[in-house]
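Report on the structure given below.
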Amino acid sequence: MKHAKHLKLLAETRDELSSSLSWLQRSVQKCSHKDRHYEWTADDYDAFEALTSRFARVSDILLQKFFRALDVVELSEGGTLLDVLLRAEKRGLVESADHFLEIRELRNEINHEYATDDLPALFEAVLHKSPELIATVERSMHYADERYLGSS
């Protein structure tokens with residue numbers, strides 16, 4: 001019974017992650033043709049604000065909810081964010097826990113973007129890291145689908 005409850009939470013979190021991922025992919029596609037030397041309009045800044053927000057959201061759902069839900073299902077819950085990432089690395093979901101921490105640091109920078117005076121550089125960093133985040137999310141959802149959720 002308890003295991004069924006954990007699987008339900010994993011499935012719900014997977015659905016939330018999938019929905020958020022599609023919005024991130026939309027923003028990446030919309031913003032991918034611009035770089036820091038592009039002449040930015042107000043609409044461009046709006047589009048990049050959406051991109052950074054969606055990047056941060058997907059990162060949060062993946063790290064704080066989805067990986068932790070997997071840990072609960074696999075009976076290895078608890079610990080720090082690094083512990084969670086190390087377990088995800090052992091599962092083959094992230095290539096390197098240390099390297100994936102860069103995505104977390106970028107997410108923190110997004111949440112404190114008022115601290116940077118070079119928003120185009122921040123936007124460029126998000127565009128650069130988005131493919132890695134997207135691939136990790138897709139790999140993670142596939143892992144959960146194959147092992148626990150019965151879809152592929």
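We label chains A, B, ... in the order they appear in the structure tokens, count residues from 1 in each chain, and number ligands from 1 in the order shown.
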
For the contact check between segment 96-133 of chain A and segment 63-73 of chain A, emit one row per residue of segment 96-133 of chain A within 12 Å, containing the shortest atom pair and the distance in Å rounded to one decimal, counting only C-alpha atoms, chain then rising number order, as a Markdown table.
```
| residue | atom | partner | partner_atom | distance |
| --- | --- | --- | --- | --- |
| A:Ala97 | CA | A:Leu63 | CA | 11.2 |
| A:Phe100 | CA | A:Leu63 | CA | 10.1 |
| A:Leu101 | CA | A:Leu63 | CA | 10.1 |
| A:Ile103 | CA | A:Leu63 | CA | 10.2 |
| A:Arg104 | CA | A:Leu63 | CA | 8.6 |
| A:Arg107 | CA | A:Leu63 | CA | 11.1 |
| A:Leu133 | CA | A:Leu63 | CA | 10.8 |
```

Write out as a PyMOL selection string the residues lying within 9 Å of Leu62 of chain A, counting only C-alpha atoms and excluding same-chain residues fewer than 5 positions away. chain A and resi 13-14+17+57+67-68+136-137+140

I need the chosen residues saved as an mmCIF file, in the first residue's frame, with N, CA and C atoms.
```
data_model
loop_
_atom_site.group_PDB
_atom_site.id
_atom_site.type_symbol
_atom_site.label_atom_id
_atom_site.label_comp_id
_atom_site.auth_asym_id
_atom_site.auth_seq_id
_atom_site.Cartn_x
_atom_site.Cartn_y
_atom_site.Cartn_z
ATOM 1 N N THR A 13 4.576 13.556 -10.229
ATOM 2 C CA THR A 13 5.751 14.413 -10.406
ATOM 3 C C THR A 13 6.285 14.297 -11.827
ATOM 4 N N ARG A 14 6.236 13.100 -12.379
ATOM 5 C CA ARG A 14 6.669 12.898 -13.761
ATOM 6 C C ARG A 14 5.792 13.702 -14.718
ATOM 7 N N LEU A 17 6.709 17.326 -14.408
ATOM 8 C CA LEU A 17 7.995 17.541 -15.066
ATOM 9 C C LEU A 17 7.840 17.556 -16.587
ATOM 10 N N ARG A 57 12.348 26.445 -13.161
ATOM 11 C CA ARG A 57 11.247 25.576 -12.729
ATOM 12 C C ARG A 57 11.545 24.105 -13.033
ATOM 13 N N PHE A 67 13.770 13.555 -8.564
ATOM 14 C CA PHE A 67 14.842 12.688 -8.072
ATOM 15 C C PHE A 67 14.545 12.203 -6.653
ATOM 16 N N ARG A 68 13.956 13.051 -5.837
ATOM 17 C CA ARG A 68 13.617 12.636 -4.467
ATOM 18 C C ARG A 68 12.488 11.606 -4.472
ATOM 19 N N THR A 136 18.679 15.396 -19.632
ATOM 20 C CA THR A 136 18.617 14.745 -18.327
ATOM 21 C C THR A 136 17.176 14.466 -17.926
ATOM 22 N N VAL A 137 16.299 15.424 -18.166
ATOM 23 C CA VAL A 137 14.882 15.226 -17.856
ATOM 24 C C VAL A 137 14.314 14.084 -18.691
ATOM 25 N N SER A 140 15.608 10.803 -17.448
ATOM 26 C CA SER A 140 15.032 10.497 -16.138
ATOM 27 C C SER A 140 13.589 10.026 -16.249
#
```

Excluding segment 118-130 of chain A and residues on its chain fewer than 5 positions from it, collect all residues at most 9 Å away from it, counting only C-alpha atoms, and give them as a PyMOL selection string. chain A and resi 24-25+28+31-32+34-38+40+45+48-49+51-52+55+102-103+106-107+109-110+113+135

Can you write out the residues you just picked, keeping N, CA, C and O atoms, as an mmCIF file, in the first residue's frame?
```cif
data_model
loop_
_atom_site.group_PDB
_atom_site.id
_atom_site.type_symbol
_atom_site.label_atom_id
_atom_site.label_comp_id
_atom_site.auth_asym_id
_atom_site.auth_seq_id
_atom_site.Cartn_x
_atom_site.Cartn_y
_atom_site.Cartn_z
ATOM 1 N N LEU A 24 9.610 24.630 -21.436
ATOM 2 C CA LEU A 24 11.026 24.996 -21.563
ATOM 3 C C LEU A 24 11.485 24.803 -23.004
ATOM 4 O O LEU A 24 12.144 25.684 -23.570
ATOM 5 N N GLN A 25 11.131 23.682 -23.607
ATOM 6 C CA GLN A 25 11.536 23.429 -24.992
ATOM 7 C C GLN A 25 10.983 24.499 -25.929
ATOM 8 O O GLN A 25 11.672 24.946 -26.853
ATOM 9 N N VAL A 28 13.158 27.595 -25.437
ATOM 10 C CA VAL A 28 14.481 27.410 -26.049
ATOM 11 C C VAL A 28 14.388 27.620 -27.546
ATOM 12 O O VAL A 28 15.209 28.326 -28.137
ATOM 13 N N CYS A 31 14.000 31.305 -28.397
ATOM 14 C CA CYS A 31 15.124 32.194 -28.059
ATOM 15 C C CYS A 31 16.459 31.766 -28.665
ATOM 16 O O CYS A 31 17.431 32.522 -28.584
ATOM 17 N N SER A 32 16.523 30.613 -29.264
ATOM 18 C CA SER A 32 17.816 30.039 -29.635
ATOM 19 C C SER A 32 18.581 30.808 -30.705
ATOM 20 O O SER A 32 19.781 30.639 -30.830
ATOM 21 N N LYS A 34 19.173 33.980 -30.789
ATOM 22 C CA LYS A 34 19.724 35.249 -30.296
ATOM 23 C C LYS A 34 20.965 34.984 -29.451
ATOM 24 O O LYS A 34 21.043 34.005 -28.738
ATOM 25 N N ASP A 35 21.933 35.877 -29.519
ATOM 26 C CA ASP A 35 23.091 35.783 -28.643
ATOM 27 C C ASP A 35 23.325 37.140 -27.984
ATOM 28 O O ASP A 35 22.559 38.088 -28.179
ATOM 29 N N ARG A 36 24.377 37.228 -27.214
ATOM 30 C CA ARG A 36 24.598 38.444 -26.428
ATOM 31 C C ARG A 36 24.891 39.675 -27.296
ATOM 32 O O ARG A 36 24.795 40.799 -26.825
ATOM 33 N N HIS A 37 25.231 39.475 -28.551
ATOM 34 C CA HIS A 37 25.528 40.609 -29.425
ATOM 35 C C HIS A 37 24.320 41.042 -30.260
ATOM 36 O O HIS A 37 24.407 41.996 -31.018
ATOM 37 N N TYR A 38 23.232 40.348 -30.094
ATOM 38 C CA TYR A 38 21.988 40.637 -30.790
ATOM 39 C C TYR A 38 21.409 41.945 -30.251
ATOM 40 O O TYR A 38 21.554 42.260 -29.075
ATOM 41 N N TRP A 40 18.660 43.623 -28.754
ATOM 42 C CA TRP A 40 17.512 43.113 -28.012
ATOM 43 C C TRP A 40 16.362 44.110 -27.965
ATOM 44 O O TRP A 40 16.575 45.298 -27.762
ATOM 45 N N TYR A 45 13.464 40.459 -24.369
ATOM 46 C CA TYR A 45 13.682 40.331 -22.919
ATOM 47 C C TYR A 45 12.537 39.555 -22.273
ATOM 48 O O TYR A 45 12.763 38.720 -21.398
ATOM 49 N N PHE A 48 13.073 35.898 -23.027
ATOM 50 C CA PHE A 48 14.164 35.332 -22.232
ATOM 51 C C PHE A 48 13.807 35.239 -20.756
ATOM 52 O O PHE A 48 14.269 34.338 -20.057
ATOM 53 N N GLU A 49 12.988 36.151 -20.284
ATOM 54 C CA GLU A 49 12.498 36.042 -18.900
ATOM 55 C C GLU A 49 11.689 34.758 -18.753
ATOM 56 O O GLU A 49 11.819 34.038 -17.762
ATOM 57 N N LEU A 51 12.073 32.076 -20.608
ATOM 58 C CA LEU A 51 13.051 30.992 -20.708
ATOM 59 C C LEU A 51 13.735 30.744 -19.362
ATOM 60 O O LEU A 51 13.804 29.601 -18.898
ATOM 61 N N THR A 52 14.237 31.785 -18.735
ATOM 62 C CA THR A 52 14.958 31.590 -17.473
ATOM 63 C C THR A 52 14.029 31.069 -16.382
ATOM 64 O O THR A 52 14.413 30.196 -15.603
ATOM 65 N N PHE A 55 13.439 27.398 -17.165
ATOM 66 C CA PHE A 55 14.659 26.646 -16.870
ATOM 67 C C PHE A 55 14.760 26.390 -15.365
ATOM 68 O O PHE A 55 15.015 25.265 -14.935
ATOM 69 N N GLU A 102 26.345 22.742 -11.720
ATOM 70 C CA GLU A 102 26.414 24.001 -12.478
ATOM 71 C C GLU A 102 25.017 24.458 -12.888
ATOM 72 O O GLU A 102 24.735 25.659 -12.914
ATOM 73 N N ILE A 103 24.154 23.513 -13.217
ATOM 74 C CA ILE A 103 22.768 23.860 -13.552
ATOM 75 C C ILE A 103 22.083 24.434 -12.324
ATOM 76 O O ILE A 103 21.357 25.419 -12.413
ATOM 77 N N LEU A 106 23.317 27.915 -11.807
ATOM 78 C CA LEU A 106 22.685 28.805 -12.789
ATOM 79 C C LEU A 106 21.251 29.110 -12.374
ATOM 80 O O LEU A 106 20.806 30.255 -12.460
ATOM 81 N N ARG A 107 20.548 28.118 -11.883
ATOM 82 C CA ARG A 107 19.194 28.327 -11.366
ATOM 83 C C ARG A 107 19.210 29.336 -10.221
ATOM 84 O O ARG A 107 18.365 30.215 -10.137
ATOM 85 N N GLU A 109 21.408 31.694 -9.779
ATOM 86 C CA GLU A 109 21.698 32.993 -10.377
ATOM 87 C C GLU A 109 20.443 33.592 -11.009
ATOM 88 O O GLU A 109 20.201 34.798 -10.919
ATOM 89 N N ILE A 110 19.618 32.752 -11.627
ATOM 90 C CA ILE A 110 18.358 33.216 -12.215
ATOM 91 C C ILE A 110 17.470 33.798 -11.124
ATOM 92 O O ILE A 110 16.874 34.863 -11.302
ATOM 93 N N GLU A 113 18.715 37.258 -10.307
ATOM 94 C CA GLU A 113 19.228 37.916 -11.503
ATOM 95 C C GLU A 113 19.389 39.419 -11.351
ATOM 96 O O GLU A 113 20.114 40.048 -12.095
ATOM 97 N N ALA A 135 17.982 16.936 -21.856
ATOM 98 C CA ALA A 135 18.386 15.537 -22.032
ATOM 99 C C ALA A 135 18.296 14.773 -20.717
ATOM 100 O O ALA A 135 17.859 13.608 -20.691
#
```

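In this model, the gap between atom CA of Lys8 of chain A and atom CA of Gly150 of chain A comes to 12.2 Å.
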
Quick one, how far is atom CA of Ile134 of chain A from atom CA of Val58 of chain A? 8.7 Å

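Atom CA of Leu21 of chain A sits 20.3 Å away from atom CA of His99 of chain A.
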
Among the residues of chain A, find those DSSP assigns to helix (DSSP H, G or I) from the backbone and print them as a PyMOL selection string. chain A and resi 2-31+42-73+81-90+97-111+113-115+119-149
